[in-house]
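Undergrad: So here's final_37.txt (compact mmCIF, N, CA and C atoms).
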```
# COMPACT_ATOMS: atom_id res chain seq x y z
N ALA R 28 33.87 -51.32 -142.41
CA ALA R 28 35.27 -51.74 -142.39
C ALA R 28 35.43 -53.04 -143.17
N ILE R 29 36.52 -53.15 -143.82
CA ILE R 29 36.83 -54.34 -144.60
C ILE R 29 37.49 -55.36 -143.68
N PRO R 30 36.94 -56.59 -143.65
CA PRO R 30 37.57 -57.61 -142.78
C PRO R 30 38.93 -58.02 -143.32
N PRO R 31 39.85 -58.36 -142.43
CA PRO R 31 41.16 -58.84 -142.88
C PRO R 31 41.01 -60.17 -143.60
N PRO R 32 41.86 -60.42 -144.58
CA PRO R 32 41.77 -61.70 -145.30
C PRO R 32 41.93 -62.90 -144.36
N GLY R 33 41.04 -63.87 -144.51
CA GLY R 33 41.04 -65.05 -143.65
C GLY R 33 42.33 -65.84 -143.71
N LYS R 34 42.85 -66.02 -144.92
CA LYS R 34 44.10 -66.79 -145.06
C LYS R 34 45.26 -66.09 -144.38
N LEU R 35 45.26 -64.76 -144.44
CA LEU R 35 46.32 -64.01 -143.79
C LEU R 35 46.26 -64.21 -142.28
N LEU R 36 45.05 -64.13 -141.71
CA LEU R 36 44.90 -64.35 -140.27
C LEU R 36 45.36 -65.75 -139.88
N ASP R 37 45.00 -66.74 -140.70
CA ASP R 37 45.39 -68.12 -140.40
C ASP R 37 46.91 -68.28 -140.46
N HIS R 38 47.53 -67.71 -141.49
CA HIS R 38 48.98 -67.82 -141.62
C HIS R 38 49.70 -67.09 -140.49
N LEU R 39 49.20 -65.91 -140.12
CA LEU R 39 49.81 -65.18 -139.00
C LEU R 39 49.65 -65.97 -137.70
N GLY R 40 48.47 -66.57 -137.51
CA GLY R 40 48.25 -67.40 -136.33
C GLY R 40 49.20 -68.57 -136.29
N ASP R 41 49.38 -69.22 -137.44
CA ASP R 41 50.31 -70.35 -137.51
C ASP R 41 51.74 -69.90 -137.19
N PHE R 42 52.13 -68.73 -137.71
CA PHE R 42 53.46 -68.21 -137.41
C PHE R 42 53.63 -67.99 -135.90
N LEU R 43 52.64 -67.37 -135.29
CA LEU R 43 52.72 -67.12 -133.85
C LEU R 43 52.80 -68.43 -133.06
N GLN R 44 51.98 -69.38 -133.48
CA GLN R 44 51.89 -70.64 -132.73
C GLN R 44 53.15 -71.49 -132.89
N PHE R 45 53.65 -71.60 -134.09
CA PHE R 45 54.73 -72.55 -134.35
C PHE R 45 56.12 -71.91 -134.30
N SER R 46 56.25 -70.69 -134.80
CA SER R 46 57.56 -70.05 -134.81
C SER R 46 57.84 -69.27 -133.54
N GLU R 47 56.81 -68.60 -133.04
CA GLU R 47 56.98 -67.77 -131.85
C GLU R 47 56.54 -68.48 -130.57
N ARG R 48 55.94 -69.63 -130.69
CA ARG R 48 55.44 -70.40 -129.53
C ARG R 48 54.47 -69.58 -128.67
N ASP R 49 53.61 -68.82 -129.36
CA ASP R 49 52.64 -67.95 -128.68
C ASP R 49 51.24 -68.38 -129.07
N THR R 50 50.79 -69.48 -128.50
CA THR R 50 49.51 -70.07 -128.87
C THR R 50 48.34 -69.16 -128.50
N MET R 51 48.44 -68.43 -127.41
CA MET R 51 47.32 -67.57 -127.01
C MET R 51 47.10 -66.43 -128.00
N ARG R 52 48.15 -65.84 -128.49
CA ARG R 52 47.99 -64.79 -129.51
C ARG R 52 47.51 -65.39 -130.82
N ALA R 53 47.95 -66.60 -131.12
CA ALA R 53 47.47 -67.29 -132.32
C ALA R 53 45.97 -67.52 -132.21
N ILE R 54 45.51 -67.95 -131.04
CA ILE R 54 44.09 -68.19 -130.83
C ILE R 54 43.29 -66.90 -131.06
N ALA R 55 43.83 -65.78 -130.64
CA ALA R 55 43.14 -64.50 -130.86
C ALA R 55 42.96 -64.23 -132.35
N LEU R 56 43.97 -64.53 -133.15
CA LEU R 56 43.85 -64.33 -134.59
C LEU R 56 42.88 -65.33 -135.22
N TYR R 57 42.95 -66.58 -134.80
CA TYR R 57 42.01 -67.58 -135.32
C TYR R 57 40.57 -67.20 -134.97
N ALA R 58 40.37 -66.69 -133.75
CA ALA R 58 39.03 -66.28 -133.32
C ALA R 58 38.53 -65.10 -134.15
N LEU R 59 39.41 -64.19 -134.47
CA LEU R 59 39.05 -63.06 -135.33
C LEU R 59 38.64 -63.56 -136.71
N ALA R 60 39.38 -64.52 -137.23
CA ALA R 60 39.03 -65.10 -138.53
C ALA R 60 37.68 -65.81 -138.46
N ALA R 61 37.43 -66.53 -137.38
CA ALA R 61 36.14 -67.23 -137.23
C ALA R 61 35.00 -66.23 -137.14
N GLU R 62 35.24 -65.11 -136.49
CA GLU R 62 34.21 -64.08 -136.38
C GLU R 62 33.87 -63.49 -137.74
N HIS R 63 34.88 -63.22 -138.56
CA HIS R 63 34.66 -62.62 -139.87
C HIS R 63 34.26 -63.62 -140.94
N TYR R 64 34.62 -64.89 -140.74
CA TYR R 64 34.36 -65.92 -141.75
C TYR R 64 33.70 -67.14 -141.09
N PRO R 65 32.47 -66.97 -140.58
CA PRO R 65 31.82 -68.05 -139.83
C PRO R 65 31.43 -69.26 -140.67
N ASN R 66 31.48 -69.13 -141.98
CA ASN R 66 31.14 -70.26 -142.84
C ASN R 66 32.36 -70.98 -143.39
N SER R 67 33.53 -70.59 -142.91
CA SER R 67 34.77 -71.25 -143.32
C SER R 67 35.19 -72.23 -142.24
N HIS R 68 35.55 -73.42 -142.65
CA HIS R 68 35.98 -74.44 -141.69
C HIS R 68 37.39 -74.17 -141.16
N ILE R 69 38.18 -73.43 -141.89
CA ILE R 69 39.60 -73.27 -141.57
C ILE R 69 39.85 -72.63 -140.20
N PRO R 70 39.23 -71.49 -139.87
CA PRO R 70 39.55 -70.92 -138.56
C PRO R 70 39.10 -71.80 -137.40
N PHE R 71 38.02 -72.54 -137.59
CA PHE R 71 37.56 -73.43 -136.51
C PHE R 71 38.49 -74.62 -136.34
N GLN R 72 39.03 -75.12 -137.45
CA GLN R 72 40.03 -76.18 -137.36
C GLN R 72 41.28 -75.67 -136.65
N SER R 73 41.71 -74.48 -137.01
CA SER R 73 42.90 -73.89 -136.38
C SER R 73 42.67 -73.68 -134.88
N LEU R 74 41.50 -73.19 -134.51
CA LEU R 74 41.17 -73.02 -133.09
C LEU R 74 41.19 -74.36 -132.37
N GLY R 75 40.59 -75.37 -132.98
CA GLY R 75 40.56 -76.69 -132.36
C GLY R 75 41.95 -77.26 -132.16
N GLU R 76 42.79 -77.12 -133.18
CA GLU R 76 44.15 -77.65 -133.07
C GLU R 76 44.95 -76.88 -132.01
N ALA R 77 44.74 -75.58 -131.92
CA ALA R 77 45.46 -74.78 -130.91
C ALA R 77 45.04 -75.18 -129.50
N TYR R 78 43.74 -75.33 -129.29
CA TYR R 78 43.28 -75.75 -127.96
C TYR R 78 43.72 -77.17 -127.65
N ARG R 79 43.82 -78.00 -128.67
CA ARG R 79 44.33 -79.36 -128.46
C ARG R 79 45.77 -79.31 -127.97
N ARG R 80 46.58 -78.45 -128.57
CA ARG R 80 47.97 -78.30 -128.14
C ARG R 80 48.08 -77.79 -126.71
N LEU R 81 47.10 -76.98 -126.30
CA LEU R 81 47.08 -76.47 -124.93
C LEU R 81 46.55 -77.50 -123.93
N GLY R 82 46.01 -78.61 -124.45
CA GLY R 82 45.46 -79.64 -123.58
C GLY R 82 44.03 -79.39 -123.15
N ASP R 83 43.34 -78.47 -123.81
CA ASP R 83 41.94 -78.16 -123.49
C ASP R 83 41.03 -78.96 -124.43
N ALA R 84 40.83 -80.23 -124.08
CA ALA R 84 40.06 -81.13 -124.94
C ALA R 84 38.63 -80.65 -125.19
N PRO R 85 37.88 -80.17 -124.18
CA PRO R 85 36.51 -79.72 -124.46
C PRO R 85 36.44 -78.60 -125.51
N LYS R 86 37.31 -77.61 -125.40
CA LYS R 86 37.30 -76.53 -126.40
C LYS R 86 37.78 -77.05 -127.75
N ALA R 87 38.79 -77.90 -127.73
CA ALA R 87 39.30 -78.46 -128.98
C ALA R 87 38.20 -79.22 -129.70
N ILE R 88 37.48 -80.05 -128.98
CA ILE R 88 36.40 -80.83 -129.59
C ILE R 88 35.32 -79.91 -130.14
N ALA R 89 34.93 -78.90 -129.38
CA ALA R 89 33.87 -77.98 -129.82
C ALA R 89 34.24 -77.30 -131.13
N TYR R 90 35.46 -76.79 -131.22
CA TYR R 90 35.87 -76.11 -132.45
C TYR R 90 36.08 -77.08 -133.61
N LEU R 91 36.62 -78.24 -133.33
CA LEU R 91 36.80 -79.23 -134.40
C LEU R 91 35.46 -79.75 -134.91
N GLU R 92 34.49 -79.89 -134.01
CA GLU R 92 33.15 -80.30 -134.46
C GLU R 92 32.53 -79.25 -135.38
N LYS R 93 32.71 -77.98 -135.05
CA LYS R 93 32.21 -76.89 -135.91
C LYS R 93 32.90 -76.95 -137.27
N SER R 94 34.21 -77.16 -137.28
CA SER R 94 34.95 -77.26 -138.53
C SER R 94 34.46 -78.44 -139.36
N TYR R 95 34.27 -79.57 -138.68
CA TYR R 95 33.83 -80.78 -139.38
C TYR R 95 32.42 -80.62 -139.95
N ALA R 96 31.55 -79.91 -139.22
CA ALA R 96 30.19 -79.66 -139.73
C ALA R 96 30.23 -78.83 -141.01
N LEU R 97 31.20 -77.94 -141.10
CA LEU R 97 31.33 -77.10 -142.29
C LEU R 97 32.04 -77.81 -143.43
N ASN R 98 32.86 -78.81 -143.10
CA ASN R 98 33.62 -79.54 -144.12
C ASN R 98 33.77 -81.00 -143.70
N PRO R 99 32.71 -81.81 -143.89
CA PRO R 99 32.74 -83.20 -143.43
C PRO R 99 33.69 -84.12 -144.20
N ASP R 100 34.34 -83.61 -145.22
CA ASP R 100 35.30 -84.42 -145.97
C ASP R 100 36.71 -84.30 -145.42
N ASN R 101 36.88 -83.52 -144.36
CA ASN R 101 38.22 -83.28 -143.80
C ASN R 101 38.60 -84.44 -142.87
N GLU R 102 39.38 -85.36 -143.40
CA GLU R 102 39.76 -86.54 -142.63
C GLU R 102 40.69 -86.21 -141.47
N ALA R 103 41.50 -85.16 -141.62
CA ALA R 103 42.39 -84.77 -140.52
C ALA R 103 41.59 -84.34 -139.30
N VAL R 104 40.51 -83.62 -139.52
CA VAL R 104 39.66 -83.19 -138.41
C VAL R 104 38.93 -84.39 -137.82
N ALA R 105 38.44 -85.28 -138.67
CA ALA R 105 37.76 -86.49 -138.18
C ALA R 105 38.70 -87.31 -137.30
N GLU R 106 39.94 -87.45 -137.71
CA GLU R 106 40.93 -88.21 -136.94
C GLU R 106 41.25 -87.52 -135.62
N ALA R 107 41.39 -86.20 -135.65
CA ALA R 107 41.66 -85.45 -134.41
C ALA R 107 40.49 -85.61 -133.43
N LEU R 108 39.27 -85.57 -133.93
CA LEU R 108 38.10 -85.75 -133.07
C LEU R 108 38.08 -87.15 -132.46
N ARG R 109 38.39 -88.17 -133.27
CA ARG R 109 38.44 -89.54 -132.75
C ARG R 109 39.47 -89.65 -131.62
N ALA R 110 40.64 -89.08 -131.86
CA ALA R 110 41.71 -89.15 -130.87
C ALA R 110 41.30 -88.44 -129.57
N LEU R 111 40.75 -87.26 -129.70
CA LEU R 111 40.34 -86.50 -128.51
C LEU R 111 39.25 -87.23 -127.73
N ARG R 112 38.31 -87.79 -128.44
CA ARG R 112 37.21 -88.50 -127.77
C ARG R 112 37.68 -89.79 -127.11
N ASN R 113 38.78 -90.34 -127.60
CA ASN R 113 39.35 -91.54 -127.00
C ASN R 113 40.39 -91.23 -125.93
N GLY R 114 40.54 -89.95 -125.63
CA GLY R 114 41.50 -89.56 -124.61
C GLY R 114 42.94 -89.51 -125.09
N ASP R 115 43.12 -89.53 -126.41
CA ASP R 115 44.47 -89.51 -126.98
C ASP R 115 44.84 -88.11 -127.48
N GLY R 116 44.14 -87.11 -126.96
CA GLY R 116 44.27 -85.74 -127.47
C GLY R 116 45.59 -85.12 -127.23
```
Take the structure I supplied and represent it as structure tokens, if you would.
TA:
Amino acid sequence: AIPPPGKLLDHLGDFLQFSERDTMRAIALYALAAEHYPNSHIPFQSLGEAYRRLGDAPKAIAYLEKSYALNPDNEAVAEALRALRNGDG
């Protein structure tokens, strides 16, 4: 089977999360993208940001750390990690 395009999954997840206010369905799409594209930082960043919005700091940190390990130049992820670790999540 051909995996769905990663960018499409991310955009659909963003639509669900921000336009439809359905973060749990967005997380399902981000997780699918992470499963199919484990070397891409994008789905892990999206998962981290979604869990951050839900107030689940441990999951947010875990996914953002994975994203940062794959792309250590991402200052937005570094800042989100700093905030979460300081309790400002």
Undergrad: Could you pull the residues within 8 Å of segment 29-41 of chain R, counting only N, CA and C atoms, minus those fewer than 6 positions along the same chain, as a PyMOL selection string?
TA: chain R and resi 47-50+52-61+63-64+69-70+73
Undergrad: Write down as a ChimeraX atom specification the residues of segment 38-102 of chain R whose backbone DSSP state falls under helix (DSSP H, G or I).
TA: /R:38-46,50-63,68-81,84-97,102
Undergrad: Atoms to include: N, CA and C atoms. Write the selected residues as a short mmCIF file (atom, residue, chain, number, x, y, z; two decimals), in the coordinates of the input.
TA:
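Printed below is part08.cif as written:
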```cif
data_model
loop_
_atom_site.label_atom_id
_atom_site.label_comp_id
_atom_site.auth_asym_id
_atom_site.auth_seq_id
_atom_site.Cartn_x
_atom_site.Cartn_y
_atom_site.Cartn_z
N HIS R 38 47.53 -67.71 -141.49
CA HIS R 38 48.98 -67.82 -141.62
C HIS R 38 49.70 -67.09 -140.49
N LEU R 39 49.20 -65.91 -140.12
CA LEU R 39 49.81 -65.18 -139.00
C LEU R 39 49.65 -65.97 -137.70
N GLY R 40 48.47 -66.57 -137.51
CA GLY R 40 48.25 -67.40 -136.33
C GLY R 40 49.20 -68.57 -136.29
N ASP R 41 49.38 -69.22 -137.44
CA ASP R 41 50.31 -70.35 -137.51
C ASP R 41 51.74 -69.90 -137.19
N PHE R 42 52.13 -68.73 -137.71
CA PHE R 42 53.46 -68.21 -137.41
C PHE R 42 53.63 -67.99 -135.90
N LEU R 43 52.64 -67.37 -135.29
CA LEU R 43 52.72 -67.12 -133.85
C LEU R 43 52.80 -68.43 -133.06
N GLN R 44 51.98 -69.38 -133.48
CA GLN R 44 51.89 -70.64 -132.73
C GLN R 44 53.15 -71.49 -132.89
N PHE R 45 53.65 -71.60 -134.09
CA PHE R 45 54.73 -72.55 -134.35
C PHE R 45 56.12 -71.91 -134.30
N SER R 46 56.25 -70.69 -134.80
CA SER R 46 57.56 -70.05 -134.81
C SER R 46 57.84 -69.27 -133.54
N THR R 50 50.79 -69.48 -128.50
CA THR R 50 49.51 -70.07 -128.87
C THR R 50 48.34 -69.16 -128.50
N MET R 51 48.44 -68.43 -127.41
CA MET R 51 47.32 -67.57 -127.01
C MET R 51 47.10 -66.43 -128.00
N ARG R 52 48.15 -65.84 -128.49
CA ARG R 52 47.99 -64.79 -129.51
C ARG R 52 47.51 -65.39 -130.82
N ALA R 53 47.95 -66.60 -131.12
CA ALA R 53 47.47 -67.29 -132.32
C ALA R 53 45.97 -67.52 -132.21
N ILE R 54 45.51 -67.95 -131.04
CA ILE R 54 44.09 -68.19 -130.83
C ILE R 54 43.29 -66.90 -131.06
N ALA R 55 43.83 -65.78 -130.64
CA ALA R 55 43.14 -64.50 -130.86
C ALA R 55 42.96 -64.23 -132.35
N LEU R 56 43.97 -64.53 -133.15
CA LEU R 56 43.85 -64.33 -134.59
C LEU R 56 42.88 -65.33 -135.22
N TYR R 57 42.95 -66.58 -134.80
CA TYR R 57 42.01 -67.58 -135.32
C TYR R 57 40.57 -67.20 -134.97
N ALA R 58 40.37 -66.69 -133.75
CA ALA R 58 39.03 -66.28 -133.32
C ALA R 58 38.53 -65.10 -134.15
N LEU R 59 39.41 -64.19 -134.47
CA LEU R 59 39.05 -63.06 -135.33
C LEU R 59 38.64 -63.56 -136.71
N ALA R 60 39.38 -64.52 -137.23
CA ALA R 60 39.03 -65.10 -138.53
C ALA R 60 37.68 -65.81 -138.46
N ALA R 61 37.43 -66.53 -137.38
CA ALA R 61 36.14 -67.23 -137.23
C ALA R 61 35.00 -66.23 -137.14
N GLU R 62 35.24 -65.11 -136.49
CA GLU R 62 34.21 -64.08 -136.38
C GLU R 62 33.87 -63.49 -137.74
N HIS R 63 34.88 -63.22 -138.56
CA HIS R 63 34.66 -62.62 -139.87
C HIS R 63 34.26 -63.62 -140.94
N HIS R 68 35.55 -73.42 -142.65
CA HIS R 68 35.98 -74.44 -141.69
C HIS R 68 37.39 -74.17 -141.16
N ILE R 69 38.18 -73.43 -141.89
CA ILE R 69 39.60 -73.27 -141.57
C ILE R 69 39.85 -72.63 -140.20
N PRO R 70 39.23 -71.49 -139.87
CA PRO R 70 39.55 -70.92 -138.56
C PRO R 70 39.10 -71.80 -137.40
N PHE R 71 38.02 -72.54 -137.59
CA PHE R 71 37.56 -73.43 -136.51
C PHE R 71 38.49 -74.62 -136.34
N GLN R 72 39.03 -75.12 -137.45
CA GLN R 72 40.03 -76.18 -137.36
C GLN R 72 41.28 -75.67 -136.65
N SER R 73 41.71 -74.48 -137.01
CA SER R 73 42.90 -73.89 -136.38
C SER R 73 42.67 -73.68 -134.88
N LEU R 74 41.50 -73.19 -134.51
CA LEU R 74 41.17 -73.02 -133.09
C LEU R 74 41.19 -74.36 -132.37
N GLY R 75 40.59 -75.37 -132.98
CA GLY R 75 40.56 -76.69 -132.36
C GLY R 75 41.95 -77.26 -132.16
N GLU R 76 42.79 -77.12 -133.18
CA GLU R 76 44.15 -77.65 -133.07
C GLU R 76 44.95 -76.88 -132.01
N ALA R 77 44.74 -75.58 -131.92
CA ALA R 77 45.46 -74.78 -130.91
C ALA R 77 45.04 -75.18 -129.50
N TYR R 78 43.74 -75.33 -129.29
CA TYR R 78 43.28 -75.75 -127.96
C TYR R 78 43.72 -77.17 -127.65
N ARG R 79 43.82 -78.00 -128.67
CA ARG R 79 44.33 -79.36 -128.46
C ARG R 79 45.77 -79.31 -127.97
N ARG R 80 46.58 -78.45 -128.57
CA ARG R 80 47.97 -78.30 -128.14
C ARG R 80 48.08 -77.79 -126.71
N LEU R 81 47.10 -76.98 -126.30
CA LEU R 81 47.08 -76.47 -124.93
C LEU R 81 46.55 -77.50 -123.93
N ALA R 84 40.83 -80.23 -124.08
CA ALA R 84 40.06 -81.13 -124.94
C ALA R 84 38.63 -80.65 -125.19
N PRO R 85 37.88 -80.17 -124.18
CA PRO R 85 36.51 -79.72 -124.46
C PRO R 85 36.44 -78.60 -125.51
N LYS R 86 37.31 -77.61 -125.40
CA LYS R 86 37.30 -76.53 -126.40
C LYS R 86 37.78 -77.05 -127.75
N ALA R 87 38.79 -77.90 -127.73
CA ALA R 87 39.30 -78.46 -128.98
C ALA R 87 38.20 -79.22 -129.70
N ILE R 88 37.48 -80.05 -128.98
CA ILE R 88 36.40 -80.83 -129.59
C ILE R 88 35.32 -79.91 -130.14
N ALA R 89 34.93 -78.90 -129.38
CA ALA R 89 33.87 -77.98 -129.82
C ALA R 89 34.24 -77.30 -131.13
N TYR R 90 35.46 -76.79 -131.22
CA TYR R 90 35.87 -76.11 -132.45
C TYR R 90 36.08 -77.08 -133.61
N LEU R 91 36.62 -78.24 -133.33
CA LEU R 91 36.80 -79.23 -134.40
C LEU R 91 35.46 -79.75 -134.91
N GLU R 92 34.49 -79.89 -134.01
CA GLU R 92 33.15 -80.30 -134.46
C GLU R 92 32.53 -79.25 -135.38
N LYS R 93 32.71 -77.98 -135.05
CA LYS R 93 32.21 -76.89 -135.91
C LYS R 93 32.90 -76.95 -137.27
N SER R 94 34.21 -77.16 -137.28
CA SER R 94 34.95 -77.26 -138.53
C SER R 94 34.46 -78.44 -139.36
N TYR R 95 34.27 -79.57 -138.68
CA TYR R 95 33.83 -80.78 -139.38
C TYR R 95 32.42 -80.62 -139.95
N ALA R 96 31.55 -79.91 -139.22
CA ALA R 96 30.19 -79.66 -139.73
C ALA R 96 30.23 -78.83 -141.01
N LEU R 97 31.20 -77.94 -141.10
CA LEU R 97 31.33 -77.10 -142.29
C LEU R 97 32.04 -77.81 -143.43
N GLU R 102 39.38 -85.36 -143.40
CA GLU R 102 39.76 -86.54 -142.63
C GLU R 102 40.69 -86.21 -141.47
#
```
Undergrad: Return the single residue from R:Ala28, R:Pro65, R:Ser94, R:Met51 that is closest to Ala77 of chain R, with distances computed using only C-alpha atoms.
TA: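 Counting only C-alpha atoms, the residue closest to Ala77 of chain R is R:Met51.
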Undergrad: Which residues are close to Leu97 of chain R, i.e. within 7 Å by all atoms listed in the file, leaving aside same-chain residues fewer than 3 positions away? Reply as an mmCIF file with N, CA and C atoms, keeping the file's coordinate frame.
TA:
```
data_model
loop_
_atom_site.group_PDB
_atom_site.id
_atom_site.type_symbol
_atom_site.label_atom_id
_atom_site.label_comp_id
_atom_site.auth_asym_id
_atom_site.auth_seq_id
_atom_site.Cartn_x
_atom_site.Cartn_y
_atom_site.Cartn_z
ATOM 1 N N ASN R 66 31.480 -69.130 -141.980
ATOM 2 C CA ASN R 66 31.140 -70.260 -142.840
ATOM 3 C C ASN R 66 32.360 -70.980 -143.390
ATOM 4 N N SER R 67 33.530 -70.590 -142.910
ATOM 5 C CA SER R 67 34.770 -71.250 -143.320
ATOM 6 C C SER R 67 35.190 -72.230 -142.240
ATOM 7 N N HIS R 68 35.550 -73.420 -142.650
ATOM 8 C CA HIS R 68 35.980 -74.440 -141.690
ATOM 9 C C HIS R 68 37.390 -74.170 -141.160
ATOM 10 N N GLU R 92 34.490 -79.890 -134.010
ATOM 11 C CA GLU R 92 33.150 -80.300 -134.460
ATOM 12 C C GLU R 92 32.530 -79.250 -135.380
ATOM 13 N N LYS R 93 32.710 -77.980 -135.050
ATOM 14 C CA LYS R 93 32.210 -76.890 -135.910
ATOM 15 C C LYS R 93 32.900 -76.950 -137.270
ATOM 16 N N SER R 94 34.210 -77.160 -137.280
ATOM 17 C CA SER R 94 34.950 -77.260 -138.530
ATOM 18 C C SER R 94 34.460 -78.440 -139.360
ATOM 19 N N ASP R 100 34.340 -83.610 -145.220
ATOM 20 C CA ASP R 100 35.300 -84.420 -145.970
ATOM 21 C C ASP R 100 36.710 -84.300 -145.420
#
```
Undergrad: May I ask for the distance between atom CA of Arg79 of chain R and atom CA of Asn101 of chain R, given in Å to one decimal place?
TA: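 Separating atom CA of Arg79 of chain R from atom CA of Asn101 of chain R is a distance of 17.0 Å.
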Undergrad: With a distance cut-off of 8 Å and all atoms listed in the file, select the neighbouring residues of Ala89 of chain R, excluding the residue or stretch itself and same-chain residues fewer than 6 positions from it, and output the selection as a list in words.
TA: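 After dropping sequence-adjacent residues, the list is Phe71, Leu74, Gly75, Asp83 and Tyr95 of chain R.
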Undergrad: What is the distance between atom CA of Pro99 of chain R and atom CA of Gln44 of chain R, in Å to one decimal?
TA: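 Separation between atom CA of Pro99 of chain R and atom CA of Gln44 of chain R: 25.3 Å.
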Undergrad: Quick one: axis-aligned box around all listed atoms of segment 82-92 of chain R, 4 Å on every side, centre and edge lengths in Å to one decimal, written as lines of an AutoDock Vina configuration file.
TA:
```
center_x = 39.3
center_y = -78.6
center_z = -129.3
size_x = 21.5
size_y = 13.0
size_z = 20.2
```
Undergrad: Could you state the separation of atom CA of Ala110 of chain R and atom C of Phe42 of chain R in Å, given to one decimal place?
TA: 24.8 Å
Undergrad: Using only C-alpha atoms for the distances, tell me which of R:Gln72, R:Ala84, R:Asn113, R:Ser46 is nearest to Ala96 of chain R.
TA: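 Checking each of R:Gln72, R:Ala84, R:Asn113, R:Ser46 against Ala96 of chain R, counting only C-alpha atoms, the winner is R:Gln72.
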